[in-house]
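Structure, as structure tokens:
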Amino acid sequence: MIDHIRGRAYTNLGIQAAAIDLKSHAIIVTWPNGCEKSRGDALDEQRGLLFVSCAEGKAVVFDLNHDNKEISDLATDPGADVISYNAKLSHLYFTSSKNATLSIIGVSPQGKLSLLAEAPADKRSHCVVGDDQNNIWVCDPPRGQLLRFKDTL
């Protein structure tokens with residue numbers, strides 16, 4: 001994830017998150033990401049929130065404006081990989097390749113996570129992206145297609 005406001009990029013290194021300086025390309029800080037096995041990440045650049053998905057079935061959010069402090073976590077279905085965030089709605093999107101679900105997670109103004117809704121996806125759906133029209137696109141690898149959901153919450 002590229003954070004132009006803070007001049008950093010973020011990634012996961014197993015059980016740690018890392019911030020990389022965009023100018024020097026050096027890792028400038030790492031911290032525990034709360035996962036047994038980290039997968040994807042998403043960013044609310046304006047609010048300074050970094051979201052991490054854990055393969056074991058958990059979403060974790062960190063406050064980048066306050067020393068990367070963990071704000072909240074939420075149990076999800078296992079098998080999340082690529083995740084997405086809609087800053088306009090303050091919704092985080094997770095899929096489960098194990099339980100064939102799409103989870104829509106609300107993010108409060110304080111960064112607290114809460115499950116808003118679930119929808120059926122494919123058993124091997126492991127990636128999701130939201131667009132600026134409040135559509136949620138979920139990969140469906142066995143059929144070679146994308147599933148589209150409308151975020152009306």
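For the structure tokens, the naming scheme is as follows: chains receive sequential letters (A, B, ...) according to their order of presentation, residues are indexed from 1 within each chain, and ligands are indexed from 1 in presentation order.
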Please tabulate, as JSON lines, the residues of region 53-134 of chain A that come within 10 Å of region 7-30 of chain A, each with its closest pair of atoms and the distance in Å to one decimal, counting only C-alpha atoms and ordering rows by chain, then residue number upward.
```
{"residue": "A:Ser53", "atom": "CA", "partner": "A:Asn12", "partner_atom": "CA", "distance": 9.7}
{"residue": "A:Cys54", "atom": "CA", "partner": "A:Ile15", "partner_atom": "CA", "distance": 9.3}
{"residue": "A:Phe62", "atom": "CA", "partner": "A:Ala17", "partner_atom": "CA", "distance": 9.8}
{"residue": "A:Leu64", "atom": "CA", "partner": "A:Ala19", "partner_atom": "CA", "distance": 9.7}
{"residue": "A:Asp67", "atom": "CA", "partner": "A:Val29", "partner_atom": "CA", "distance": 9.7}
{"residue": "A:Asn68", "atom": "CA", "partner": "A:Thr30", "partner_atom": "CA", "distance": 9.1}
```
Near Val61 (chain A), within 12 Å and counting only C-alpha atoms, which residues show up once chain neighbours fewer than 6 positions away are dropped, as a ChimeraX atom specification? /A:17,32-35,41-44,47-54,68-74,85,92,105-108,110-114
Residues of chain A classed as strand (DSSP E or B) by DSSP on the backbone are to be reported as a PyMOL selection string. chain A and resi 2-3+8-13+16-21+27-32+38-44+49-54+58-63+69-75+84-86+91-96+101-107+113-120+128-130+135-140+145-150
Would you pick out the contacts of Lys123 (chain A) at 12 Å or less, using only C-alpha atoms, so that residues sharing its chain but fewer than 5 positions from it are not included, and give the list as JSON, numbers by chain? {"A": [77, 78, 79, 80, 95, 96, 97, 98, 99, 100, 101, 102, 138, 139, 140, 141, 142, 143]}
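Computed from the coordinates, the CA of Leu116 (chain A) to CA of Ile104 (chain A) distance equals 5.6 Å.
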Please compute the CA of Leu147 (chain A)-CA of Val128 (chain A) distance, one decimal, in Å. 9.3 Å
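The nearest approach to Lys37 (chain A) among the residues A:Asp122, A:Asp81, A:Ala75, A:Gln145, with only C-alpha atoms taken into account, belongs to A:Asp81.
When only C-alpha atoms are used to compute distances to Ala121 (chain A), the closest of the residues A:Pro109, A:Asn134, A:Asp3, A:Phe94 turns out to be A:Phe94.
Going from CA of His4 (chain A) to CA of Ile136 (chain A) covers 24.6 Å.
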